[in-house]
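Trainee: What follows is coords_39.cif, mmCIF, C-alpha atoms.
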```cif
data_query
loop_
_atom_site.label_atom_id
_atom_site.label_comp_id
_atom_site.auth_asym_id
_atom_site.auth_seq_id
_atom_site.Cartn_x
_atom_site.Cartn_y
_atom_site.Cartn_z
CA MET A 1 274.07 146.01 -66.11
CA GLY A 2 276.93 143.52 -66.42
CA VAL A 3 280.33 143.48 -64.77
CA SER A 4 283.42 145.57 -65.37
CA TRP A 5 287.03 145.37 -64.32
CA SER A 6 289.82 147.76 -65.24
CA ASP A 7 292.93 145.57 -65.46
CA THR A 8 293.91 142.24 -66.98
CA GLY A 9 295.28 140.76 -63.75
CA VAL A 10 298.28 138.89 -65.19
CA ASN A 11 301.76 139.90 -66.28
CA LEU A 12 301.41 139.49 -70.04
CA SER A 13 304.97 140.72 -70.66
CA ALA A 14 306.20 137.38 -69.33
CA LEU A 15 304.24 135.62 -72.08
CA ARG A 16 305.56 137.59 -75.03
CA GLY A 17 307.76 135.97 -77.59
CA HIS A 18 307.82 132.76 -79.58
CA ASN A 19 310.36 131.03 -77.34
CA ALA A 20 308.37 131.71 -74.17
CA ALA A 21 305.29 130.28 -75.89
CA LEU A 22 307.22 127.14 -76.83
CA ALA A 23 308.33 126.65 -73.25
CA LEU A 24 304.84 127.24 -71.87
CA ASP A 25 303.32 124.80 -74.35
CA LEU A 26 305.75 122.06 -73.29
CA LEU A 27 305.07 122.81 -69.63
CA ARG A 28 301.33 122.56 -70.21
CA ALA A 29 301.71 119.28 -72.12
CA ALA A 30 303.87 117.85 -69.31
CA GLY A 31 301.05 118.31 -66.81
CA ARG A 32 301.68 117.28 -63.22
CA ASP A 33 304.79 115.28 -64.18
CA GLY A 34 306.55 118.52 -65.06
CA ILE A 35 309.65 118.98 -67.17
CA SER A 36 313.25 119.99 -66.48
CA ARG A 37 315.11 122.93 -67.96
CA LEU A 38 317.42 120.54 -69.79
CA GLU A 39 314.45 118.77 -71.38
CA LEU A 40 313.01 122.15 -72.38
CA ALA A 41 316.29 123.02 -74.06
CA GLU A 42 316.42 119.70 -75.89
CA ARG A 43 312.83 119.90 -77.16
CA THR A 44 312.87 123.56 -78.15
CA GLY A 45 316.37 123.66 -79.61
CA LEU A 46 317.20 126.63 -77.38
CA THR A 47 320.39 126.92 -75.38
CA PRO A 48 320.26 126.07 -71.66
CA GLN A 49 321.11 129.71 -70.94
CA ALA A 50 318.14 130.94 -72.98
CA VAL A 51 315.82 128.45 -71.28
CA SER A 52 317.04 129.57 -67.85
CA LYS A 53 316.23 133.20 -68.68
CA ILE A 54 312.78 132.33 -70.04
CA THR A 55 311.82 130.11 -67.10
CA ALA A 56 313.13 132.67 -64.61
CA ARG A 57 310.82 135.26 -66.16
CA LEU A 58 307.89 132.86 -66.11
CA ARG A 59 308.56 131.95 -62.48
CA ALA A 60 308.76 135.59 -61.49
CA ALA A 61 305.36 136.13 -63.11
CA GLY A 62 303.92 133.22 -61.13
CA LEU A 63 303.19 131.18 -64.26
CA VAL A 64 305.66 128.39 -63.48
CA SER A 65 306.77 126.79 -60.23
CA GLU A 66 309.44 124.34 -59.13
CA ALA A 67 308.11 120.90 -58.24
CA GLY A 68 310.90 118.81 -56.80
CA HIS A 69 313.80 117.06 -58.48
CA ARG A 70 314.30 114.23 -60.93
CA ALA A 71 317.19 111.79 -60.83
CA SER A 72 319.91 112.59 -63.35
CA THR A 73 322.04 110.18 -65.35
CA GLY A 74 325.05 112.23 -64.31
CA GLY A 75 325.65 115.30 -62.20
CA LYS A 76 323.18 116.87 -59.79
CA PRO A 77 319.45 116.03 -59.90
CA ARG A 78 317.36 118.03 -62.34
CA THR A 79 314.84 120.53 -61.02
CA VAL A 80 311.33 119.84 -62.32
CA LEU A 81 309.17 122.76 -63.44
CA ARG A 82 305.38 122.80 -63.73
CA LEU A 83 302.86 125.16 -65.20
CA ALA A 84 300.83 126.95 -62.51
CA PRO A 85 297.23 126.50 -63.76
CA SER A 86 295.79 129.00 -61.30
CA ALA A 87 298.05 131.79 -62.62
CA GLY A 88 295.67 132.56 -65.49
CA CYS A 89 292.18 131.84 -66.74
CA ALA A 90 289.74 132.64 -69.52
CA VAL A 91 285.98 132.75 -69.95
CA GLY A 92 284.32 130.94 -72.83
CA VAL A 93 280.77 131.87 -73.84
CA ARG A 94 278.55 130.05 -76.28
CA LEU A 95 275.48 131.86 -77.60
CA ASP A 96 273.11 129.31 -79.09
CA ARG A 97 269.71 129.93 -80.61
CA ASP A 98 267.94 129.12 -77.35
CA ALA A 99 270.54 129.03 -74.58
CA LEU A 100 273.79 130.40 -73.20
CA THR A 101 276.68 128.34 -71.83
CA ALA A 102 279.59 130.01 -70.03
CA VAL A 103 282.69 128.25 -68.72
CA LEU A 104 285.80 129.34 -66.85
CA LEU A 105 289.00 127.52 -67.82
CA ASP A 106 292.29 127.73 -65.97
CA LEU A 107 295.63 128.28 -67.68
CA ALA A 108 295.97 124.55 -68.37
CA GLY A 109 292.59 124.47 -70.11
CA GLU A 110 290.81 122.63 -67.30
CA ARG A 111 287.26 123.63 -66.49
CA VAL A 112 286.89 125.48 -63.19
CA ARG A 113 283.22 126.45 -63.38
CA ILE A 114 280.24 126.34 -65.72
CA ARG A 115 276.92 128.16 -65.99
CA GLU A 116 273.97 127.50 -68.29
CA ALA A 117 270.90 129.66 -68.83
CA PRO A 118 268.10 130.11 -71.39
CA LEU A 119 268.68 132.87 -73.93
CA ASP A 120 266.55 134.41 -76.67
CA PRO A 121 268.75 135.98 -79.39
CA GLY A 122 265.57 137.30 -81.01
CA GLY A 123 265.68 140.35 -78.74
CA GLU A 124 267.53 143.58 -79.42
CA PRO A 125 271.29 142.89 -79.47
CA PRO A 126 272.23 145.42 -76.74
CA ALA A 127 269.72 143.89 -74.32
CA VAL A 128 270.79 140.33 -75.20
CA LEU A 129 274.46 141.14 -74.62
CA ALA A 130 273.69 142.89 -71.34
CA ARG A 131 272.06 139.63 -70.26
CA VAL A 132 275.18 137.73 -71.40
CA ALA A 133 277.37 140.05 -69.32
CA ASP A 134 275.14 139.45 -66.29
CA GLU A 135 275.48 135.69 -66.72
CA VAL A 136 279.27 135.98 -66.98
CA GLY A 137 279.22 138.01 -63.79
CA LEU A 138 277.29 135.20 -62.09
CA LEU A 139 279.77 132.65 -63.45
CA LEU A 140 282.59 134.67 -61.90
CA ARG A 141 280.56 135.19 -58.71
CA GLY A 142 280.80 138.95 -59.03
CA GLU A 143 284.58 139.11 -58.65
CA ARG A 144 287.34 139.18 -61.21
CA PRO A 145 289.40 136.01 -60.76
CA PRO A 146 293.20 136.41 -60.55
CA GLY A 147 294.83 136.25 -63.96
CA LEU A 148 291.68 136.71 -66.06
CA LEU A 149 292.99 137.05 -69.62
CA GLY A 150 289.73 137.71 -71.42
CA ALA A 151 286.59 136.14 -72.83
CA GLY A 152 286.07 134.18 -76.01
CA VAL A 153 282.57 134.32 -77.46
CA ALA A 154 281.18 131.80 -79.95
CA MET A 155 277.89 132.27 -81.78
CA PRO A 156 276.19 131.08 -84.98
CA GLY A 157 277.39 132.72 -88.19
CA PRO A 158 277.88 134.28 -90.47
CA LEU A 159 280.03 136.89 -88.74
CA ASP A 160 283.26 138.84 -89.26
CA HIS A 161 285.83 137.36 -86.90
CA ALA A 162 288.49 140.00 -87.57
CA SER A 163 286.26 142.98 -86.72
CA GLY A 164 284.12 141.18 -84.15
CA VAL A 165 280.89 142.12 -85.95
CA ALA A 166 277.90 139.83 -86.50
CA ARG A 167 276.47 139.49 -89.99
CA ARG A 168 273.08 138.16 -91.04
CA VAL A 169 272.97 135.38 -88.46
CA THR A 170 270.76 132.64 -89.84
CA GLY A 171 267.33 133.09 -88.27
CA PHE A 172 268.31 136.38 -86.63
CA PRO A 173 269.11 138.87 -89.43
CA HIS A 174 268.65 141.86 -87.07
CA TRP A 175 272.16 141.14 -85.71
CA ASP A 176 273.66 142.18 -89.07
CA GLY A 177 276.39 144.77 -88.49
CA PHE A 178 276.19 144.74 -84.69
CA PRO A 179 279.62 145.10 -82.93
CA VAL A 180 279.34 142.10 -80.62
CA ARG A 181 283.01 141.99 -79.61
CA ASP A 182 283.40 145.66 -78.72
CA THR A 183 280.06 145.83 -76.92
CA LEU A 184 280.88 142.86 -74.71
CA ALA A 185 284.42 144.10 -74.11
CA ALA A 186 282.97 147.35 -72.77
CA LEU A 187 280.45 145.52 -70.58
CA LEU A 188 282.98 143.02 -69.19
CA GLY A 189 285.99 145.32 -69.00
CA CYS A 190 288.33 142.71 -70.48
CA PRO A 191 289.56 141.66 -73.94
CA VAL A 192 287.01 139.74 -76.03
CA VAL A 193 287.46 137.57 -79.14
CA LEU A 194 284.44 136.65 -81.29
CA ASP A 195 284.22 133.62 -83.56
CA LYS A 196 281.69 131.23 -85.04
CA ASP A 197 280.60 128.44 -82.73
CA THR A 198 281.90 125.68 -84.99
CA ASN A 199 285.29 127.40 -85.41
CA ALA A 200 285.68 127.64 -81.64
CA ALA A 201 284.84 123.96 -81.24
CA ALA A 202 287.27 122.97 -84.00
CA LEU A 203 290.06 124.94 -82.31
CA GLY A 204 289.46 123.25 -78.97
CA LEU A 205 289.24 119.82 -80.59
CA ALA A 206 292.44 120.36 -82.56
CA LEU A 207 294.27 121.21 -79.35
CA SER A 208 292.90 118.06 -77.71
CA GLY A 209 294.38 115.83 -80.43
CA VAL A 210 291.01 114.47 -81.57
CA ALA A 211 292.20 114.37 -85.20
CA GLY A 212 294.86 111.76 -84.42
CA GLU A 213 297.60 111.83 -87.02
CA SER A 214 295.51 113.81 -89.50
CA ASP A 215 296.21 117.54 -89.69
CA SER A 216 293.01 118.18 -91.66
CA PHE A 217 289.54 117.47 -90.33
CA ALA A 218 286.02 118.90 -90.23
CA TYR A 219 283.89 119.34 -87.15
CA LEU A 220 280.19 119.01 -88.05
CA HIS A 221 277.75 120.30 -85.44
CA LEU A 222 274.08 119.33 -85.67
CA GLY A 223 271.91 120.91 -82.99
CA THR A 224 269.59 123.87 -83.37
CA GLY A 225 271.38 124.37 -86.71
CA LEU A 226 274.08 122.72 -88.79
CA GLY A 227 277.55 124.15 -89.31
CA ALA A 228 281.18 123.14 -89.78
CA GLY A 229 284.56 124.11 -88.40
CA LEU A 230 287.49 123.34 -90.69
CA VAL A 231 291.08 122.58 -89.73
CA LEU A 232 293.18 122.35 -92.91
CA GLY A 233 296.90 121.62 -92.91
CA GLY A 234 297.01 122.12 -89.16
CA GLY A 235 295.39 125.57 -89.22
CA LEU A 236 291.88 126.74 -88.43
CA TYR A 237 290.43 127.86 -91.79
CA ARG A 238 288.02 130.78 -91.80
CA GLY A 239 288.15 131.84 -95.44
CA ALA A 240 288.99 135.14 -97.12
CA ARG A 241 286.05 136.93 -95.44
CA THR A 242 285.93 134.70 -92.31
CA GLY A 243 282.77 133.07 -93.70
CA ALA A 244 283.96 129.49 -94.25
CA GLY A 245 282.05 126.66 -92.62
CA GLU A 246 278.45 127.50 -93.58
CA PHE A 247 278.13 123.79 -94.26
CA GLY A 248 274.43 123.60 -93.49
CA HIS A 249 273.47 125.94 -96.31
CA GLN A 250 274.72 123.95 -99.27
CA THR A 251 271.78 123.13 -101.53
CA VAL A 252 271.31 119.40 -102.06
CA GLN A 253 267.65 119.32 -103.19
CA LEU A 254 266.44 122.08 -105.51
CA ASP A 255 262.75 121.57 -104.67
CA GLY A 256 263.37 120.77 -101.00
CA PRO A 257 261.84 122.41 -97.94
CA GLU A 258 262.41 126.08 -97.26
CA CYS A 259 265.35 126.86 -95.02
CA ARG A 260 265.46 129.74 -92.54
CA CYS A 261 268.27 131.24 -94.61
CA GLY A 262 265.64 131.90 -97.30
CA ARG A 263 266.68 129.23 -99.80
CA ARG A 264 265.29 125.75 -100.42
CA GLY A 265 266.78 122.30 -100.07
CA CYS A 266 269.66 123.21 -97.75
CA ILE A 267 271.20 120.25 -95.97
CA GLU A 268 270.37 121.88 -92.62
CA ALA A 269 266.67 122.11 -93.48
CA LEU A 270 266.61 118.51 -94.69
CA CYS A 271 268.38 117.18 -91.60
CA LEU A 272 266.21 119.10 -89.16
CA ASP A 273 263.06 118.08 -91.06
CA ALA A 274 264.05 114.41 -90.73
CA VAL A 275 264.68 114.87 -87.01
CA ARG A 276 261.27 116.51 -86.54
CA ARG A 277 259.70 113.49 -88.26
CA GLY A 278 261.46 111.15 -85.83
CA GLU A 279 263.78 109.75 -88.53
CA PRO A 280 267.35 109.91 -87.16
CA GLU A 281 268.56 107.33 -89.71
CA ARG A 282 267.43 109.57 -92.56
CA ALA A 283 268.99 112.63 -90.91
CA ALA A 284 272.26 110.73 -90.52
CA ARG A 285 272.27 109.66 -94.18
CA ILE A 286 271.65 113.25 -95.30
CA LEU A 287 274.48 114.46 -93.07
CA GLY A 288 276.67 111.70 -94.49
CA ALA A 289 275.98 112.86 -98.05
CA GLY A 290 277.10 116.37 -97.14
CA ALA A 291 280.17 115.02 -95.35
CA ALA A 292 281.10 112.97 -98.41
CA ASN A 293 280.95 116.12 -100.55
CA LEU A 294 283.22 117.88 -98.06
CA VAL A 295 285.75 115.05 -98.09
CA ALA A 296 285.78 114.97 -101.90
CA LEU A 297 286.22 118.75 -102.11
CA LEU A 298 288.88 119.26 -99.43
CA ASP A 299 290.51 115.82 -99.10
CA ILE A 300 290.24 115.94 -95.31
CA GLY A 301 291.26 112.89 -93.32
CA ARG A 302 288.69 112.81 -90.53
CA ILE A 303 285.19 113.92 -89.57
CA VAL A 304 284.27 114.83 -85.99
CA LEU A 305 280.60 115.03 -85.01
CA GLY A 306 278.91 116.97 -82.24
CA GLY A 307 275.69 118.70 -81.22
CA ARG A 308 272.60 117.71 -79.26
CA ILE A 309 270.98 115.82 -82.15
CA VAL A 310 274.10 113.73 -82.73
CA ALA A 311 274.36 113.12 -78.97
CA ALA A 312 270.82 111.70 -78.98
CA ALA A 313 271.78 108.94 -81.45
CA PRO A 314 275.61 108.84 -81.60
CA ASP A 315 275.97 105.31 -82.99
CA VAL A 316 273.53 106.01 -85.82
CA PHE A 317 275.26 109.20 -86.89
CA THR A 318 278.84 107.92 -86.68
CA ALA A 319 277.97 104.77 -88.62
CA ARG A 320 276.03 106.47 -91.43
CA VAL A 321 278.47 109.35 -91.86
CA ALA A 322 281.44 106.96 -91.93
CA GLU A 323 279.73 104.81 -94.57
CA ALA A 324 279.08 107.80 -96.81
CA ALA A 325 282.28 109.80 -96.26
CA GLY A 326 284.79 106.96 -96.37
CA VAL A 327 287.06 108.46 -93.70
CA PRO A 328 287.30 107.86 -89.94
CA VAL A 329 284.50 109.48 -87.95
CA ALA A 330 284.70 110.35 -84.26
CA LEU A 331 282.50 112.03 -81.68
CA ALA A 332 283.62 115.36 -80.27
CA ASP A 333 285.92 114.86 -77.30
CA GLY A 334 285.69 118.16 -75.49
CA GLY A 335 283.53 117.38 -72.51
CA ALA A 336 279.85 118.16 -72.61
CA HIS A 337 280.43 121.66 -73.94
CA PRO A 338 283.13 121.68 -76.67
CA ILE A 339 281.95 125.01 -78.12
CA ALA A 340 282.10 126.98 -74.86
CA GLY A 341 285.44 125.36 -74.01
CA GLY A 342 286.75 126.13 -77.49
CA ALA A 343 285.65 129.74 -77.08
CA ALA A 344 287.85 130.06 -73.99
CA GLN A 345 290.71 128.57 -76.01
CA LEU A 346 290.42 131.52 -78.41
CA ILE A 347 292.00 133.45 -75.54
CA LEU A 348 294.32 130.79 -74.07
CA ALA A 349 295.73 129.05 -77.15
CA PRO A 350 297.83 131.96 -78.47
CA LEU A 351 299.73 132.13 -75.17
CA PHE A 352 301.11 128.68 -75.94
CA GLY A 353 301.97 129.39 -79.56
CA ARG A 354 298.88 127.50 -80.64
CA GLY A 355 297.47 130.15 -82.91
CA ASP A 356 296.78 133.87 -82.90
CA PRO A 357 293.04 134.64 -82.78
CA TYR A 358 293.31 136.56 -86.05
CA SER A 359 295.70 134.33 -88.02
CA PRO A 360 295.67 131.01 -86.16
CA LYS A 361 298.05 128.12 -86.70
CA ILE A 362 297.73 124.95 -84.67
CA ARG A 363 300.95 123.03 -84.44
#
```
Would you give me this structure, written as structure tokens?

Mentor:
Amino acid sequence: MGVSWSDTGVNLSALRGHNAALALDLLRAAGRDGISRLELAERTGLTPQAVSKITARLRAAGLVSEAGHRASTGGKPRTVLRLAPSAGCAVGVRLDRDALTAVLLDLAGERVRIREAPLDPGGEPPAVLARVADEVGLLLRGERPPGLLGAGVAMPGPLDHASGVARRVTGFPHWDGFPVRDTLAALLGCPVVLDKDTNAAALGLALSGVAGESDSFAYLHLGTGLGAGLVLGGGLYRGARTGAGEFGHQTVQLDGPECRCGRRGCIEALCLDAVRRGEPERAARILGAGAANLVALLDIGRIVLGGRIVAAAPDVFTARVAEAAGVPVALADGGAHPIAGGAAQLILAPLFGRGDPYSPKIR
């Protein structure tokens, strides 16, 4: 089952190197307005000769095109260059506890296509991932799109991002030790990067500028579970064993309800219990207490909220979390599916110098 292709479909040699990444990032940021070679030289600090060589290589690879001329203050008009969004693309897959979301993003990070389907992670991992591969095949309509760079996969943790192996996923301990990344890479026939769902969302949100002037923020996701993605000092923080962000499993009530992680009084269990009782205000106050602890511990400057439960009562959650945490609180600005989109950015972002999947740094 699944789909398989044998090549990557894009000239990656044209993307190698820090300077090429700088140029591509500026071209992406310029959008349809484009940018001239002289402006690229000024903003990167590179010589005009170096910029000409880089852009010639990118044009030859089909990643950049000329888009008219701009009036000059002296001399001949400047040629405007634009990123070619259709030259590359990436798949982003979110595996939730009851559903799958798959998106296809172009090189500029714009959504081309989306697919949603029910999913039961309680089955045997090989069968579940074969189903995932089938759904990706349907997203891609059975054909490898030109310039497919790979697939980013986001799922609940804990997991080992570096090795691409799931750990004792909360509620689904039978995934412990399963090689998710390598299995899907074999099924799809393309590179795969695995990360926690909240980390993927935080990456995508950081690239979108949701944090404003703050280079440290936390993304808190309250849906079928509760987790956090942390951006500290401009970089996505995963921790020494890639296990950071298990925000929902901090104990805040010693004699509280049992959590599916096996402990009692976890903030996730308390929040979900309040939601089941039809008490969103109480759930929001509990989430706010946890957010306040996070702010006090890490001195972050902003909280971003997302997830289906937050989306059902956004004003309640933003107000109560802001009151408790004492920092600005915003709703996730990543379209309707920030996790799936962020998963695709695990593949795309490094091309623009916006972080390697294994040691990311978001400028």

Trainee: Fewer than 6 positions away in the same chain doesn't count, so skip those; otherwise give me all residues within 9 Å of region 155-167 of chain A, counting all atoms listed in the file, as a PyMOL selection string.

Mentor: chain A and resi 93-97+173-182+192-198+225+227+238+241-246+357-358

Trainee: Leaving out region 42-53 of chain A and any residue of its chain fewer than 4 positions from it, which residues lie within 10 Å of it when counting only C-alpha atoms, given as a PyMOL selection string?

Mentor: chain A and resi 19-20+22-23+26+36-38+57-59

Trainee: What does the distance between CA of Ala21 (chain A) and CA of Arg82 (chain A) come to in Å, to one decimal place?

Mentor: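 Separating CA of Ala21 (chain A) from CA of Arg82 (chain A) is a distance of 14.3 Å.
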
Trainee: Measuring between all atoms listed in the file, which one of A:Asp273, A:Ala284, A:Val210, A:Leu294 shows the shortest distance to Gln250 (chain A)?

Mentor: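 Checking each of A:Asp273, A:Ala284, A:Val210, A:Leu294 against Gln250 (chain A), counting all atoms listed in the file, the winner is A:Leu294.
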
Trainee: Taking all atoms listed in the file into account, which of A:Val329, A:Gly92, A:Val304, A:Ala200 comes nearest Tyr219 (chain A)?

Mentor: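 Counting all atoms listed in the file, the residue closest to Tyr219 (chain A) is A:Val304.
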
Trainee: Taking the file as I've supplied it (selection: the PyMOL selection byres ((chain A and resi 257) around 10)), which residues are included? Please answer as a CSV table (one decimal) with C-alpha atoms, keeping the file's coordinate frame.

Mentor:
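Result file is selection_24.csv:
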```csv
chain,number,residue,atom,x,y,z
A,253,GLN,CA,267.6,119.3,-103.2
A,254,LEU,CA,266.4,122.1,-105.5
A,255,ASP,CA,262.8,121.6,-104.7
A,256,GLY,CA,263.4,120.8,-101.0
A,258,GLU,CA,262.4,126.1,-97.3
A,259,CYS,CA,265.4,126.9,-95.0
A,260,ARG,CA,265.5,129.7,-92.5
A,263,ARG,CA,266.7,129.2,-99.8
A,264,ARG,CA,265.3,125.8,-100.4
A,265,GLY,CA,266.8,122.3,-100.1
A,266,CYS,CA,269.7,123.2,-97.8
A,267,ILE,CA,271.2,120.2,-96.0
A,269,ALA,CA,266.7,122.1,-93.5
A,270,LEU,CA,266.6,118.5,-94.7
A,273,ASP,CA,263.1,118.1,-91.1
```

Trainee: Looking at all atoms listed in the file, which of A:Leu139, A:Ala186, A:Val103, A:Leu149 is the one that sits closest to Gly88 (chain A)?

Mentor: A:Leu149

Trainee: Do you have the CA of Thr170 (chain A)-CA of Leu129 (chain A) distance handy?

Mentor: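 Computing the Euclidean distance for CA of Thr170 (chain A) and CA of Leu129 (chain A) yields 17.8 Å.
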
Trainee: What does the structure give for the distance between CA of Glu279 (chain A) and CA of Thr224 (chain A), in Å to one decimal?

Mentor: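 Taking CA of Glu279 (chain A) as the start and CA of Thr224 (chain A) as the end point, the length is 16.1 Å.
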